[in-house]
file query05.cif (mmCIF, N, CA and C atoms and all ligand atoms)
data_model
#
loop_
_atom_site.label_atom_id
_atom_site.label_comp_id
_atom_site.auth_asym_id
_atom_site.auth_seq_id
_atom_site.Cartn_x
_atom_site.Cartn_y
_atom_site.Cartn_z
N MET A 1085 4.56 33.73 55.94
CA MET A 1085 4.10 32.37 55.66
C MET A 1085 2.88 32.41 54.75
N CYS A 1086 2.82 31.51 53.84
CA CYS A 1086 1.69 31.51 52.93
C CYS A 1086 0.72 30.39 53.29
N GLY A 1087 -0.35 30.31 52.54
CA GLY A 1087 -1.31 29.24 52.73
C GLY A 1087 -1.72 28.69 51.37
N ILE A 1088 -1.96 27.41 51.33
CA ILE A 1088 -2.35 26.75 50.09
C ILE A 1088 -3.58 25.90 50.36
N ILE A 1089 -4.55 25.96 49.45
CA ILE A 1089 -5.70 25.07 49.53
C ILE A 1089 -6.06 24.60 48.13
N GLY A 1090 -6.40 23.34 48.04
CA GLY A 1090 -6.86 22.78 46.77
C GLY A 1090 -8.18 22.06 46.98
N TYR A 1091 -8.95 21.94 45.92
CA TYR A 1091 -10.23 21.22 46.02
C TYR A 1091 -10.52 20.50 44.70
N VAL A 1092 -10.97 19.25 44.81
CA VAL A 1092 -11.52 18.48 43.70
C VAL A 1092 -12.73 17.75 44.24
N GLY A 1093 -13.89 17.91 43.62
CA GLY A 1093 -15.07 17.23 44.13
C GLY A 1093 -16.31 17.57 43.35
N ASN A 1094 -17.47 17.35 43.97
CA ASN A 1094 -18.75 17.60 43.30
C ASN A 1094 -19.33 18.98 43.60
N LYS A 1095 -18.76 19.67 44.57
CA LYS A 1095 -19.28 20.99 44.95
C LYS A 1095 -18.61 22.08 44.12
N GLU A 1096 -19.18 23.30 44.21
CA GLU A 1096 -18.56 24.45 43.57
C GLU A 1096 -17.23 24.75 44.26
N ALA A 1097 -16.15 24.82 43.50
CA ALA A 1097 -14.82 24.95 44.09
C ALA A 1097 -14.56 26.36 44.64
N ALA A 1098 -14.98 27.40 43.93
CA ALA A 1098 -14.57 28.78 44.30
C ALA A 1098 -14.95 29.14 45.73
N PRO A 1099 -16.21 28.93 46.18
CA PRO A 1099 -16.53 29.29 47.57
C PRO A 1099 -15.72 28.50 48.60
N ILE A 1100 -15.42 27.25 48.29
CA ILE A 1100 -14.62 26.42 49.21
C ILE A 1100 -13.18 26.95 49.27
N LEU A 1101 -12.65 27.32 48.11
CA LEU A 1101 -11.28 27.85 48.06
C LEU A 1101 -11.19 29.19 48.80
N ILE A 1102 -12.17 30.06 48.59
CA ILE A 1102 -12.17 31.36 49.28
C ILE A 1102 -12.27 31.16 50.78
N GLN A 1103 -13.16 30.26 51.21
CA GLN A 1103 -13.30 30.00 52.65
C GLN A 1103 -12.00 29.44 53.21
N GLY A 1104 -11.35 28.59 52.44
CA GLY A 1104 -10.07 28.04 52.87
C GLY A 1104 -9.02 29.13 53.03
N LEU A 1105 -8.99 30.06 52.09
CA LEU A 1105 -8.03 31.17 52.19
C LEU A 1105 -8.31 32.02 53.44
N LYS A 1106 -9.60 32.25 53.71
CA LYS A 1106 -9.94 33.04 54.90
C LYS A 1106 -9.49 32.32 56.18
N THR A 1107 -9.62 31.01 56.17
CA THR A 1107 -9.19 30.22 57.33
C THR A 1107 -7.68 30.33 57.53
N LEU A 1108 -6.95 30.55 56.43
CA LEU A 1108 -5.49 30.63 56.49
C LEU A 1108 -4.98 32.05 56.68
N GLU A 1109 -5.89 33.03 56.72
CA GLU A 1109 -5.48 34.44 56.79
C GLU A 1109 -4.57 34.74 57.98
N TYR A 1110 -4.80 34.04 59.08
CA TYR A 1110 -4.04 34.32 60.30
C TYR A 1110 -2.54 34.12 60.10
N ARG A 1111 -2.17 33.36 59.06
CA ARG A 1111 -0.75 33.08 58.82
C ARG A 1111 -0.02 34.29 58.25
N GLY A 1112 -0.79 35.30 57.79
CA GLY A 1112 -0.19 36.48 57.19
C GLY A 1112 -0.10 36.32 55.68
N TYR A 1113 -0.21 37.42 54.96
CA TYR A 1113 -0.20 37.37 53.49
C TYR A 1113 -0.13 38.79 52.97
N ASP A 1114 0.24 38.94 51.71
CA ASP A 1114 0.21 40.26 51.07
C ASP A 1114 -0.62 40.26 49.79
N SER A 1115 -0.95 39.06 49.31
CA SER A 1115 -1.76 38.95 48.10
C SER A 1115 -2.35 37.55 48.06
N ALA A 1116 -3.28 37.36 47.16
CA ALA A 1116 -3.93 36.04 47.08
C ALA A 1116 -4.37 35.78 45.65
N GLY A 1117 -4.55 34.50 45.35
CA GLY A 1117 -5.01 34.14 44.01
C GLY A 1117 -5.73 32.81 44.04
N LEU A 1118 -6.51 32.61 42.98
CA LEU A 1118 -7.33 31.40 42.90
C LEU A 1118 -7.45 30.98 41.44
N TYR A 1119 -7.41 29.68 41.22
CA TYR A 1119 -7.63 29.12 39.88
C TYR A 1119 -8.72 28.07 39.97
N VAL A 1120 -9.76 28.21 39.15
CA VAL A 1120 -10.80 27.19 39.04
C VAL A 1120 -10.67 26.59 37.65
N ALA A 1121 -10.50 25.27 37.60
CA ALA A 1121 -10.09 24.61 36.36
C ALA A 1121 -10.98 24.94 35.16
N GLU A 1122 -12.27 24.94 35.34
CA GLU A 1122 -13.15 25.16 34.20
C GLU A 1122 -13.43 26.65 33.97
N ALA A 1123 -12.93 27.51 34.85
CA ALA A 1123 -13.34 28.92 34.81
C ALA A 1123 -12.22 29.92 34.60
N GLY A 1124 -11.11 29.77 35.27
CA GLY A 1124 -10.02 30.72 35.06
C GLY A 1124 -9.27 31.09 36.32
N LEU A 1125 -8.46 32.13 36.16
CA LEU A 1125 -7.50 32.55 37.18
C LEU A 1125 -7.81 33.98 37.62
N MET A 1126 -7.71 34.24 38.91
CA MET A 1126 -7.89 35.60 39.43
C MET A 1126 -6.91 35.82 40.57
N LYS A 1127 -6.30 37.01 40.59
CA LYS A 1127 -5.34 37.36 41.64
C LYS A 1127 -5.64 38.76 42.13
N ALA A 1128 -5.25 39.06 43.36
CA ALA A 1128 -5.42 40.41 43.89
C ALA A 1128 -4.39 40.67 44.98
N VAL A 1129 -3.93 41.90 45.05
CA VAL A 1129 -3.04 42.33 46.13
C VAL A 1129 -3.90 42.72 47.31
N GLY A 1130 -3.45 42.37 48.53
CA GLY A 1130 -4.18 42.75 49.73
C GLY A 1130 -4.95 41.60 50.33
N PRO A 1131 -5.90 41.92 51.19
CA PRO A 1131 -6.64 40.88 51.91
C PRO A 1131 -7.55 40.06 51.00
N ILE A 1132 -8.04 38.95 51.51
CA ILE A 1132 -8.88 38.04 50.73
C ILE A 1132 -10.12 38.76 50.19
N LYS A 1133 -10.59 39.74 50.93
CA LYS A 1133 -11.78 40.47 50.45
C LYS A 1133 -11.49 41.18 49.12
N GLU A 1134 -10.24 41.53 48.86
CA GLU A 1134 -9.88 42.13 47.57
C GLU A 1134 -9.99 41.10 46.44
N LEU A 1135 -9.63 39.87 46.74
CA LEU A 1135 -9.78 38.79 45.75
C LEU A 1135 -11.26 38.54 45.49
N GLU A 1136 -12.06 38.53 46.54
CA GLU A 1136 -13.51 38.37 46.38
C GLU A 1136 -14.09 39.50 45.53
N ALA A 1137 -13.63 40.72 45.78
CA ALA A 1137 -14.12 41.87 45.02
C ALA A 1137 -13.72 41.75 43.55
N ALA A 1138 -12.50 41.30 43.30
CA ALA A 1138 -12.03 41.13 41.92
C ALA A 1138 -12.86 40.06 41.20
N LEU A 1139 -13.17 38.98 41.91
CA LEU A 1139 -14.01 37.93 41.32
C LEU A 1139 -15.39 38.48 40.98
N ALA A 1140 -15.96 39.25 41.89
CA ALA A 1140 -17.30 39.81 41.66
C ALA A 1140 -17.26 40.81 40.50
N ALA A 1141 -16.21 41.63 40.45
CA ALA A 1141 -16.12 42.66 39.42
C ALA A 1141 -15.81 42.08 38.04
N SER A 1142 -15.28 40.87 37.99
CA SER A 1142 -14.89 40.27 36.71
C SER A 1142 -16.10 39.95 35.83
N GLY A 1143 -17.24 39.75 36.47
CA GLY A 1143 -18.43 39.38 35.70
C GLY A 1143 -18.42 37.93 35.27
N GLN A 1144 -17.33 37.22 35.61
CA GLN A 1144 -17.24 35.79 35.29
C GLN A 1144 -17.88 34.99 36.42
N SER A 1145 -18.41 33.83 36.10
CA SER A 1145 -19.11 33.04 37.12
C SER A 1145 -18.15 32.23 38.00
N PHE A 1146 -16.98 31.90 37.50
CA PHE A 1146 -16.02 31.06 38.22
C PHE A 1146 -16.67 29.78 38.74
N VAL A 1147 -17.50 29.19 37.90
CA VAL A 1147 -18.15 27.93 38.22
C VAL A 1147 -17.24 26.79 37.78
N GLY A 1148 -16.98 25.87 38.69
CA GLY A 1148 -16.15 24.73 38.38
C GLY A 1148 -15.98 23.88 39.62
N HIS A 1149 -15.50 22.67 39.44
CA HIS A 1149 -15.47 21.71 40.55
C HIS A 1149 -14.08 21.30 41.00
N SER A 1150 -13.07 22.03 40.53
CA SER A 1150 -11.72 21.78 41.03
C SER A 1150 -10.91 23.06 40.91
N GLY A 1151 -9.97 23.20 41.82
CA GLY A 1151 -9.14 24.40 41.76
C GLY A 1151 -8.11 24.42 42.86
N ILE A 1152 -7.31 25.52 42.82
CA ILE A 1152 -6.24 25.70 43.79
C ILE A 1152 -6.15 27.18 44.13
N ALA A 1153 -5.77 27.47 45.37
CA ALA A 1153 -5.70 28.86 45.80
C ALA A 1153 -4.54 29.07 46.76
N HIS A 1154 -4.11 30.33 46.90
CA HIS A 1154 -2.87 30.62 47.61
C HIS A 1154 -2.94 32.00 48.26
N THR A 1155 -2.46 32.11 49.47
CA THR A 1155 -2.16 33.41 50.05
C THR A 1155 -0.64 33.54 50.09
N ARG A 1156 -0.15 34.68 49.59
CA ARG A 1156 1.30 34.85 49.44
C ARG A 1156 1.88 35.78 50.49
N TRP A 1157 3.04 35.41 51.01
CA TRP A 1157 3.86 36.28 51.84
C TRP A 1157 5.19 36.38 51.10
N ALA A 1158 5.36 37.48 50.37
CA ALA A 1158 6.46 37.59 49.41
C ALA A 1158 7.84 37.42 50.06
N THR A 1159 8.65 36.60 49.44
CA THR A 1159 10.06 36.51 49.81
C THR A 1159 10.94 37.00 48.67
N HIS A 1160 10.49 36.84 47.42
CA HIS A 1160 11.25 37.25 46.23
C HIS A 1160 10.28 37.98 45.30
N GLY A 1161 10.52 39.25 45.08
CA GLY A 1161 9.64 40.04 44.23
C GLY A 1161 8.59 40.75 45.06
N GLU A 1162 8.21 41.91 44.56
CA GLU A 1162 7.25 42.74 45.31
C GLU A 1162 5.87 42.08 45.38
N SER A 1163 5.04 42.66 46.21
CA SER A 1163 3.64 42.23 46.28
C SER A 1163 2.90 42.84 45.10
N SER A 1164 2.50 42.01 44.15
CA SER A 1164 1.82 42.49 42.94
C SER A 1164 0.98 41.36 42.38
N GLU A 1165 0.08 41.70 41.48
CA GLU A 1165 -0.72 40.65 40.84
C GLU A 1165 0.17 39.71 40.03
N ALA A 1166 1.17 40.28 39.34
CA ALA A 1166 2.05 39.43 38.52
C ALA A 1166 2.80 38.42 39.38
N ASN A 1167 3.16 38.81 40.59
CA ASN A 1167 3.93 37.91 41.46
C ASN A 1167 3.05 37.02 42.32
N ALA A 1168 1.76 37.34 42.41
CA ALA A 1168 0.85 36.51 43.20
C ALA A 1168 0.72 35.13 42.55
N HIS A 1169 0.47 34.14 43.35
CA HIS A 1169 0.26 32.78 42.89
C HIS A 1169 -1.26 32.58 42.71
N PRO A 1170 -1.75 31.63 41.94
CA PRO A 1170 -1.02 30.63 41.17
C PRO A 1170 -0.32 31.24 39.95
N HIS A 1171 0.81 30.62 39.59
CA HIS A 1171 1.51 30.95 38.36
C HIS A 1171 1.11 29.93 37.30
N SER A 1172 1.26 30.34 36.03
CA SER A 1172 0.80 29.51 34.93
C SER A 1172 1.91 29.27 33.91
N SER A 1173 1.90 28.08 33.36
CA SER A 1173 2.75 27.76 32.21
C SER A 1173 2.02 26.69 31.42
N GLY A 1174 1.50 27.07 30.26
CA GLY A 1174 0.70 26.12 29.49
C GLY A 1174 -0.48 25.65 30.32
N ALA A 1175 -0.61 24.33 30.45
CA ALA A 1175 -1.74 23.76 31.20
C ALA A 1175 -1.44 23.64 32.70
N ILE A 1176 -0.27 24.10 33.11
CA ILE A 1176 0.14 23.95 34.52
C ILE A 1176 -0.23 25.19 35.32
N ARG A 1177 -0.77 24.98 36.53
CA ARG A 1177 -0.98 26.06 37.50
C ARG A 1177 -0.20 25.66 38.75
N LEU A 1178 0.58 26.60 39.26
CA LEU A 1178 1.54 26.29 40.32
C LEU A 1178 1.42 27.25 41.49
N VAL A 1179 1.36 26.70 42.70
CA VAL A 1179 1.49 27.50 43.91
C VAL A 1179 2.64 26.92 44.71
N HIS A 1180 3.26 27.77 45.53
CA HIS A 1180 4.47 27.34 46.23
C HIS A 1180 4.55 28.06 47.57
N ASN A 1181 4.95 27.32 48.58
CA ASN A 1181 5.11 27.85 49.93
C ASN A 1181 6.58 27.80 50.29
N GLY A 1182 7.15 28.95 50.65
CA GLY A 1182 8.53 28.96 51.11
C GLY A 1182 9.49 29.56 50.11
N ILE A 1183 10.72 29.09 50.15
CA ILE A 1183 11.80 29.67 49.34
C ILE A 1183 12.49 28.56 48.55
N ILE A 1184 12.72 28.79 47.25
CA ILE A 1184 13.52 27.87 46.44
C ILE A 1184 14.94 28.45 46.41
N GLU A 1185 15.82 27.87 47.20
CA GLU A 1185 17.15 28.45 47.42
C GLU A 1185 17.97 28.59 46.13
N ASN A 1186 17.84 27.62 45.22
CA ASN A 1186 18.65 27.66 43.99
C ASN A 1186 17.84 28.16 42.79
N TYR A 1187 16.84 29.03 43.07
CA TYR A 1187 15.95 29.45 41.97
C TYR A 1187 16.71 30.19 40.88
N GLN A 1188 17.73 31.00 41.25
CA GLN A 1188 18.45 31.79 40.24
C GLN A 1188 19.15 30.86 39.24
N GLU A 1189 19.77 29.84 39.74
CA GLU A 1189 20.46 28.85 38.89
C GLU A 1189 19.46 28.15 37.97
N LEU A 1190 18.32 27.75 38.55
CA LEU A 1190 17.28 27.07 37.75
C LEU A 1190 16.70 28.01 36.70
N LYS A 1191 16.48 29.27 37.11
CA LYS A 1191 15.90 30.26 36.19
C LYS A 1191 16.84 30.52 35.02
N GLU A 1192 18.13 30.67 35.30
CA GLU A 1192 19.09 30.92 34.23
C GLU A 1192 19.14 29.75 33.25
N GLU A 1193 19.04 28.55 33.77
CA GLU A 1193 19.02 27.35 32.93
C GLU A 1193 17.80 27.37 32.02
N LEU A 1194 16.65 27.72 32.58
CA LEU A 1194 15.41 27.76 31.81
C LEU A 1194 15.44 28.90 30.80
N LEU A 1195 15.98 30.06 31.18
CA LEU A 1195 16.09 31.19 30.25
C LEU A 1195 16.97 30.80 29.06
N THR A 1196 18.06 30.11 29.34
CA THR A 1196 18.98 29.67 28.30
C THR A 1196 18.28 28.74 27.31
N SER A 1197 17.35 27.93 27.81
CA SER A 1197 16.66 27.00 26.91
C SER A 1197 15.38 27.61 26.32
N GLY A 1198 15.22 28.94 26.46
CA GLY A 1198 14.17 29.63 25.73
C GLY A 1198 12.89 29.92 26.48
N HIS A 1199 12.84 29.58 27.75
CA HIS A 1199 11.62 29.87 28.53
C HIS A 1199 11.58 31.35 28.90
N THR A 1200 10.39 31.87 29.13
CA THR A 1200 10.24 33.24 29.58
C THR A 1200 9.54 33.24 30.94
N PHE A 1201 9.73 34.32 31.69
CA PHE A 1201 9.12 34.44 33.02
C PHE A 1201 8.30 35.73 33.09
N THR A 1202 7.18 35.66 33.75
CA THR A 1202 6.32 36.84 33.87
C THR A 1202 6.23 37.31 35.33
N SER A 1203 6.96 36.67 36.22
CA SER A 1203 6.98 37.13 37.62
C SER A 1203 8.42 37.27 38.07
N ALA A 1204 8.59 37.94 39.21
CA ALA A 1204 9.92 38.13 39.79
C ALA A 1204 10.12 37.22 41.00
N THR A 1205 9.25 36.24 41.17
CA THR A 1205 9.35 35.36 42.32
C THR A 1205 10.38 34.25 42.09
N ASP A 1206 10.67 33.53 43.15
CA ASP A 1206 11.51 32.34 43.05
C ASP A 1206 10.68 31.13 42.61
N THR A 1207 9.38 31.32 42.47
CA THR A 1207 8.52 30.22 42.06
C THR A 1207 8.56 30.03 40.55
N1 LIG B 1301 8.84 32.57 47.70
C1 LIG B 1301 7.53 32.62 47.12
C2 LIG B 1301 7.19 34.04 46.67
O1 LIG B 1301 7.86 34.99 47.06
C3 LIG B 1301 6.45 32.07 48.04
C4 LIG B 1301 6.26 32.90 49.28
C5 LIG B 1301 5.21 32.31 50.20
O2 LIG B 1301 5.51 31.31 50.88
O3 LIG B 1301 4.09 32.87 50.20
O4 LIG B 1301 6.25 34.19 45.91
#
call {"tool": "encode", "arguments": {"input": "query05.cif", "output": "structure tokens"}}
result
Amino acid sequence: MCGIIGYVGNKEAAPILIQGLKTLEYRGYDSAGLYVAEAGLMKAVGPIKELEAALAASGQSFVGHSGIAHTRWATHGESSEANAHPHSSGAIRLVHNGIIENYQELKEELLTSGHTFTSATDT
């Protein structure tokens, strides 16, 4: 089972998102990721502390007032940074909980119309 948290407000989003992910840790996970709208995207395999370490090591401030974060329990595709959520397409950032049963059909349709995929997930 995964966990999803989003934040929009006047406070710094990253600490709130990280705390939210820690609160959801009990649900189980294999990787985690976070997107802060004004700052960027970071993902890491393993516990939330690995995501925190990656944020610290990035040298980026991750300052911003809105964002979304996810703990992943893989159902499709290995546990990896590429497969961790959030996923990106243009201006869109996407997190997903559960299984998209008809993902293969949808993916083939999108591939046919010229889209590319950078993850092996059903998301
Ligand atoms: N099926 C999605 C994946 O494998 C989401 C899994 C989840 O709920 O964490 O990435």
call {"tool": "residues_near_point", "arguments": {"input": "query05.cif", "point": "(13.0, 37.1, 45.3)", "cutoff": "6 Å", "atoms": "only N, CA and C atoms", "output": "ChimeraX atom specification"}}
result
/A:1159-1161,1204-1206
call {"tool": "closest_residue", "arguments": {"input": "query05.cif", "among": "A:Ala1158, A:Val1147, A:Met1126, A:Leu1108", "to": "ligand LIG 1301 (chain B)", "atoms": "all atoms listed in the file"}}
result
A:Ala1158
call {"tool": "closest_residue", "arguments": {"input": "query05.cif", "among": "A:Ala1121, A:Ala1166, A:Leu1190, A:Ala1128", "to": "A:Ile1152", "atoms": "all atoms listed in the file"}}
result
A:Ala1121
call {"tool": "closest_residue", "arguments": {"input": "query05.cif", "among": "A:Ala1097, A:Val1092, A:Ala1168, A:Cys1086", "to": "A:Gly1148", "atoms": "only C-alpha atoms"}}
result
A:Ala1097
call {"tool": "residues_near_point", "arguments": {"input": "query05.cif", "point": "(-3.4, 35.2, 48.4)", "cutoff": "6.5 Å", "atoms": "all atoms listed in the file", "output": "JSON, numbers by chain"}}
result
{"A": [1113, 1114, 1115, 1116, 1117, 1153, 1154, 1155, 1156, 1169]}
call {"tool": "closest_residue", "arguments": {"input": "query05.cif", "among": "A:Ile1088, A:Leu1194, A:Ala1137, A:Ala1123", "to": "ligand LIG 1301 (chain B)", "atoms": "only C-alpha atoms and all ligand atoms"}}
result
A:Ile1088
call {"tool": "axis_aligned_box", "arguments": {"input": "query05.cif", "around": "stretch 1185-1198 of chain A", "padding_each_side": "4 Å", "output": "lines of an AutoDock Vina configuration file"}}
result
center_x = 16.7
center_y = 29.4
center_z = 36.6
size_x = 15.6
size_y = 12.8
size_z = 29.7
call {"tool": "closest_residue", "arguments": {"input": "query05.cif", "among": "A:Gly1087, A:Lys1133, A:Asn1094, A:Glu1165", "to": "ligand LIG 1301 (chain B)", "atoms": "all atoms listed in the file"}}
result
A:Gly1087
